[in-house]
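All remarks here apply to the structure that follows.
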Amino acid sequence: MKKLKLNNTNKGIILIIASAFCFALMGMFVRLAGDLPAMQKSFFRNIVALFFSLAVLLKEHEKITLPKSAVKYLFLRAFFGTIGIVCNFYAIGKLVLADASILNKMSPFFAILGSLVILKEKISPKKAAIVIIAFIGCLFVIKPTFRNAELIPSLIGLLGGFGAGMAYTMVHKLGQEKVKGSFIVFFFSAFSTLVFLPFMIVEYKHMTVMQLVFLLLAGLSATGGQYTITAAYIFAPARDISVYDYSQIIFSSLLGLFVFGQVPDIFSIIGYVIIIAMAAAMFFLNRKNAKNA
C-alpha cells in the first residue's frame, strides 16, 4: 500500500484545523468551569501555558538575544494579549459559545488596522472595504440595542478580539526583529500570569475539584492550540491557510449545541456568514497579490 504524502500546505491546513478545534475545546472547558471570575479563569489557563513554554525554552538550550528596539513591542504584545484573554473568557461565560468565538475571530481585521496605525503599513482600498463589511457582520452578532441584555458582554468580547488583533500585530513586528517565537510565548505567559495573580487573590472564588480540572483542561487545550497554530504557519504562509482557522466557529457551534443546548439566533448566523465570507475574501485577495508579486 502506497504511503500518503502530504505537502507543506496540506500539513498546515490540518494543523490549523487542529488548532481551531483546540481553541473551541478551550472555550467549552472555560464555560464548563462555571461562574468564576474571569481573572481566576485566565490565571489557571495561562499558568499551564507558562510551564509548557518554559519547558520548551529549556529544551532548546539556545541563547536569547533581544534587540533593544523589540522590548516595547514585546511588552505591547503581552499587554494586548492579556486584555484579549480576559475579555474572551468573560464573553465565553456570558454569551452563546459560537458568538464569543466569532467576536474573538475579528482579531485578523483588527490586526490589519493595527498594522495601518502602529506599523504604518499601507492598506489597499479592497482590504479596507473587506474590514468595513466584516464590522457590519459583527453588528449582527452584537445587536447594538440597549434592550439587548447581552450588549455589554458582546462589546467586551469584541474588545477581546481587538486585544488579540493588536497582539498579532506586535508578534508580526517581533518576527521582523528576529525574536524567537518560543520566547514570545514564554514572556506573554509569564507577564499575563503575574498580572492575573493579584486580581485572582483579591476576588478568589472557591472551586470544586471538577472546576479546577476544567480550567486545567482549558489551559492544556489553549496550549495545544497555540503550538499547533504556530506549527501550521511554519509549514505554510498565512495567505494559504488562514481561512481554515474559521473552522473554530463550526466546532464552537457544535459544542455549544450538544454540550450546552445553545442555538444562535438568525441575526448571529447572518453575522457569522458575513464575517467568514470576508475572511475568505481576504484569503483569496492575499493569494492573488502573492501570485502577482
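Identifiers for the C-alpha cells are assigned positionally: chains receive A, B, ... in sequence, residues are indexed from 1 per chain, and ligands are indexed from 1 in the order shown.
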
Problem set entry | Residue neighbourhood stretch 176-178 of chain A, 9 Å, only C-alpha atoms, exclusion window fewer than 5 positions, as a PyMOL selection string | chain A and resi 65-67+69-70+171

Keeping only C-alpha atoms, write the selected residues to a file as a PDB file, in the first residue's frame.
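Dumped everything to again08.pdb:
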ATOM      1  CA  THR A  65      19.057  37.740  22.149  1.00  0.00           C
ATOM      2  CA  LEU A  66      16.613  40.622  22.419  1.00  0.00           C
ATOM      3  CA  PRO A  67      17.230  43.804  20.400  1.00  0.00           C
ATOM      4  CA  SER A  69      14.092  48.105  19.660  1.00  0.00           C
ATOM      5  CA  ALA A  70      11.994  44.949  20.276  1.00  0.00           C
ATOM      6  CA  VAL A 171       4.064  39.368  17.001  1.00  0.00           C
TER       7      VAL A 171
END

Problem set entry | All residues 10 Å or closer to A:Met166, only C-alpha atoms, same chain fewer than 4 positions away omitted, as a VMD selection string | chain A and resid 76 to 81 84 107 to 115 118 160 to 162 170 to 172

For this session: May I have the residues within 10 Å of A:Phe183 as a list in words, using only C-alpha atoms and disregarding those fewer than 5 positions away in the same chain?
Result: Ser53, Leu54, Val56, Leu57, Ile64, Thr65, Leu66, Leu74, Phe188 and Ser189 of chain A

Considering only C-alpha atoms, tabulate each residue of stretch 80-132 of chain A that lies at most 8 Å from stretch 21-33 of chain A along with its nearest interatomic pair and the corresponding distance in Å to one decimal; arrange the rows by chain and ascending residue number and present them as JSON lines.
{"residue": "A:Phe89", "atom": "CA", "partner": "A:Val30", "partner_atom": "CA", "distance": 7.0}
{"residue": "A:Ile92", "atom": "CA", "partner": "A:Arg31", "partner_atom": "CA", "distance": 6.2}
{"residue": "A:Gly93", "atom": "CA", "partner": "A:Arg31", "partner_atom": "CA", "distance": 5.5}
{"residue": "A:Leu97", "atom": "CA", "partner": "A:Gly27", "partner_atom": "CA", "distance": 7.1}
{"residue": "A:Ser101", "atom": "CA", "partner": "A:Ala24", "partner_atom": "CA", "distance": 7.8}

Exercise. Any idea what's packed within 12 Å of A:Lys41, counting only C-alpha atoms, ignoring anything in its chain fewer than 5 positions away? Could you give it as a PyMOL selection string?
Worked result: chain A and resi 26-27+29-36+46-48+85-90+92-93+193+196-197+199-200+203-205+207+211-219

Can you write just those residues out, N, CA, C and O atoms, as a compact mmCIF listing (two decimals), in the first residue's frame?
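That gives us selection_13.txt:
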# COMPACT_ATOMS: atom_id res chain seq x y z
N MET A 26 -11.11 24.73 24.39
CA MET A 26 -10.78 25.66 25.46
C MET A 26 -12.02 26.44 25.90
O MET A 26 -12.32 26.56 27.09
N GLY A 27 -12.76 26.97 24.92
CA GLY A 27 -13.97 27.72 25.22
C GLY A 27 -14.99 26.87 25.96
O GLY A 27 -15.63 27.34 26.91
N PHE A 29 -14.39 24.21 27.90
CA PHE A 29 -13.94 23.94 29.27
C PHE A 29 -14.07 25.18 30.15
O PHE A 29 -14.42 25.08 31.33
N VAL A 30 -13.80 26.37 29.58
CA VAL A 30 -13.95 27.61 30.34
C VAL A 30 -15.41 27.78 30.75
O VAL A 30 -15.72 28.15 31.89
N ARG A 31 -16.32 27.49 29.83
CA ARG A 31 -17.76 27.59 30.12
C ARG A 31 -18.18 26.55 31.17
O ARG A 31 -18.95 26.85 32.08
N LEU A 32 -17.64 25.33 31.04
CA LEU A 32 -17.97 24.27 31.99
C LEU A 32 -17.46 24.58 33.40
O LEU A 32 -18.01 24.06 34.39
N ALA A 33 -16.42 25.41 33.50
CA ALA A 33 -15.86 25.78 34.82
C ALA A 33 -16.86 26.59 35.64
O ALA A 33 -16.70 26.74 36.86
N GLY A 34 -17.88 27.12 34.98
CA GLY A 34 -18.97 27.77 35.70
C GLY A 34 -18.72 29.22 36.07
O GLY A 34 -17.88 29.90 35.47
N ASP A 35 -19.44 29.68 37.09
CA ASP A 35 -19.46 31.08 37.47
C ASP A 35 -18.25 31.43 38.35
O ASP A 35 -18.35 31.50 39.58
N LEU A 36 -17.12 31.63 37.70
CA LEU A 36 -15.89 32.04 38.37
C LEU A 36 -15.42 33.37 37.77
O LEU A 36 -15.71 33.64 36.60
N ASN A 46 -3.43 30.37 31.87
CA ASN A 46 -2.10 30.82 31.46
C ASN A 46 -0.96 30.16 32.22
O ASN A 46 0.15 30.06 31.70
N ILE A 47 -1.22 29.71 33.44
CA ILE A 47 -0.13 29.09 34.20
C ILE A 47 0.28 27.76 33.56
O ILE A 47 1.45 27.37 33.59
N VAL A 48 -0.68 27.09 32.93
CA VAL A 48 -0.37 25.86 32.19
C VAL A 48 0.53 26.20 31.00
O VAL A 48 1.56 25.55 30.77
N ILE A 85 -7.33 37.82 26.36
CA ILE A 85 -7.73 36.60 27.08
C ILE A 85 -8.84 36.88 28.08
O ILE A 85 -9.86 36.17 28.13
N VAL A 86 -8.66 37.93 28.92
CA VAL A 86 -9.66 38.24 29.95
C VAL A 86 -11.03 38.52 29.32
O VAL A 86 -12.05 37.99 29.75
N CYS A 87 -11.03 39.37 28.29
CA CYS A 87 -12.30 39.73 27.63
C CYS A 87 -12.94 38.52 26.96
O CYS A 87 -14.17 38.35 27.02
N ASN A 88 -12.12 37.68 26.32
CA ASN A 88 -12.65 36.48 25.67
C ASN A 88 -13.27 35.53 26.69
O ASN A 88 -14.36 34.99 26.49
N PHE A 89 -12.59 35.33 27.82
CA PHE A 89 -13.10 34.43 28.86
C PHE A 89 -14.38 34.97 29.49
O PHE A 89 -15.29 34.21 29.81
N TYR A 90 -14.45 36.29 29.66
CA TYR A 90 -15.67 36.90 30.19
C TYR A 90 -16.83 36.66 29.22
O TYR A 90 -17.94 36.28 29.63
N ILE A 92 -17.14 34.31 26.94
CA ILE A 92 -17.48 32.89 26.89
C ILE A 92 -18.46 32.53 28.00
O ILE A 92 -19.38 31.73 27.81
N GLY A 93 -18.28 33.15 29.17
CA GLY A 93 -19.15 32.86 30.31
C GLY A 93 -20.53 33.47 30.19
O GLY A 93 -21.46 33.05 30.89
N THR A 193 0.36 35.92 33.61
CA THR A 193 0.16 35.18 34.86
C THR A 193 0.42 36.10 36.05
O THR A 193 -0.33 36.08 37.04
N PHE A 196 -2.51 38.55 36.35
CA PHE A 196 -3.73 37.92 36.86
C PHE A 196 -3.65 37.56 38.34
O PHE A 196 -4.67 37.52 39.02
N LEU A 197 -2.44 37.26 38.83
CA LEU A 197 -2.27 36.72 40.19
C LEU A 197 -2.89 37.60 41.27
O LEU A 197 -3.71 37.11 42.07
N PHE A 199 -5.20 39.95 41.12
CA PHE A 199 -6.65 40.02 40.94
C PHE A 199 -7.30 38.72 41.41
O PHE A 199 -8.36 38.73 42.04
N MET A 200 -6.66 37.59 41.09
CA MET A 200 -7.20 36.30 41.48
C MET A 200 -7.23 36.16 43.00
O MET A 200 -8.19 35.66 43.58
N GLU A 203 -10.12 38.50 44.46
CA GLU A 203 -11.50 38.07 44.20
C GLU A 203 -11.64 36.56 44.06
O GLU A 203 -12.55 36.06 43.40
N TYR A 204 -10.73 35.82 44.72
CA TYR A 204 -10.72 34.36 44.58
C TYR A 204 -12.06 33.76 45.02
O TYR A 204 -12.61 34.12 46.06
N LYS A 205 -12.56 32.86 44.20
CA LYS A 205 -13.80 32.16 44.50
C LYS A 205 -13.50 30.67 44.64
O LYS A 205 -12.81 30.09 43.80
N MET A 207 -13.30 26.85 44.42
CA MET A 207 -13.58 25.98 43.28
C MET A 207 -13.76 24.54 43.75
O MET A 207 -13.09 24.10 44.69
N GLN A 211 -14.20 21.95 38.80
CA GLN A 211 -13.94 23.27 38.22
C GLN A 211 -12.45 23.46 37.96
O GLN A 211 -12.07 23.98 36.91
N LEU A 212 -11.63 23.04 38.91
CA LEU A 212 -10.17 23.12 38.73
C LEU A 212 -9.73 22.27 37.55
O LEU A 212 -8.91 22.69 36.73
N VAL A 213 -10.29 21.06 37.45
CA VAL A 213 -9.95 20.16 36.34
C VAL A 213 -10.31 20.80 35.01
O VAL A 213 -9.53 20.78 34.05
N PHE A 214 -11.52 21.41 34.93
CA PHE A 214 -11.95 22.06 33.69
C PHE A 214 -11.02 23.22 33.30
O PHE A 214 -10.70 23.40 32.12
N LEU A 215 -10.57 23.99 34.28
CA LEU A 215 -9.67 25.11 33.99
C LEU A 215 -8.30 24.63 33.52
O LEU A 215 -7.71 25.20 32.61
N LEU A 216 -7.81 23.56 34.14
CA LEU A 216 -6.53 22.99 33.71
C LEU A 216 -6.65 22.40 32.30
O LEU A 216 -5.73 22.52 31.49
N LEU A 217 -7.80 21.78 32.02
CA LEU A 217 -8.04 21.26 30.67
C LEU A 217 -8.14 22.41 29.66
O LEU A 217 -7.69 22.28 28.51
N ALA A 218 -8.72 23.54 30.09
CA ALA A 218 -8.77 24.73 29.22
C ALA A 218 -7.35 25.21 28.91
O ALA A 218 -7.04 25.57 27.77
N GLY A 219 -6.49 25.18 29.94
CA GLY A 219 -5.09 25.57 29.74
C GLY A 219 -4.36 24.64 28.79
O GLY A 219 -3.62 25.08 27.91

Exercise. If you count only C-alpha atoms, which residues fall within 9 Å of A:Cys138, apart from same-chain ones fewer than 4 positions away, as a count of residues only?
Worked result: 13

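Between A:Leu255 and the candidates A:Val96, A:Ile16, A:Asn289, A:Phe191, the tightest atom-to-atom separation, counting only C-alpha atoms, involves A:Val96.
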
For this session: Would you mind writing down, as a ChimeraX atom specification, each residue of stretch 31-256 of chain A that DSSP on the backbone assigns to helix (DSSP H, G or I)?
Result: /A:31-32,38-60,68-94,97-104,107-117,125-142,151-176,181-202,209-235,238-256

For this session: Choose the residue, out of A:Ala280, A:Leu6, A:Leu15, A:Ala38, that has the smallest atom-to-atom separation from A:Thr230; count only C-alpha atoms.
Result: A:Leu15

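Taking only C-alpha atoms into account, A:Ala281 lies nearest to A:Val243 out of the set A:Ala91, A:Val243, A:Ile156, A:Ile201.
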
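With atom CA of A:Ala222 on one side and atom CA of A:Arg287 on the other, the separation reads 28.6 Å.
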
Problem set entry | Counting only C-alpha atoms, the option among A:Ala20, A:Leu151, A:Leu220, A:Val195 closest to A:Lys105 | A:Ala20

Exercise. For A:Ser247, which residue out of A:Lys11, A:Ile234, A:Val141, A:Ala18 is the nearest one, using only C-alpha atoms?
Worked result: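 For A:Ser247, the nearest of the candidates is A:Ala18.
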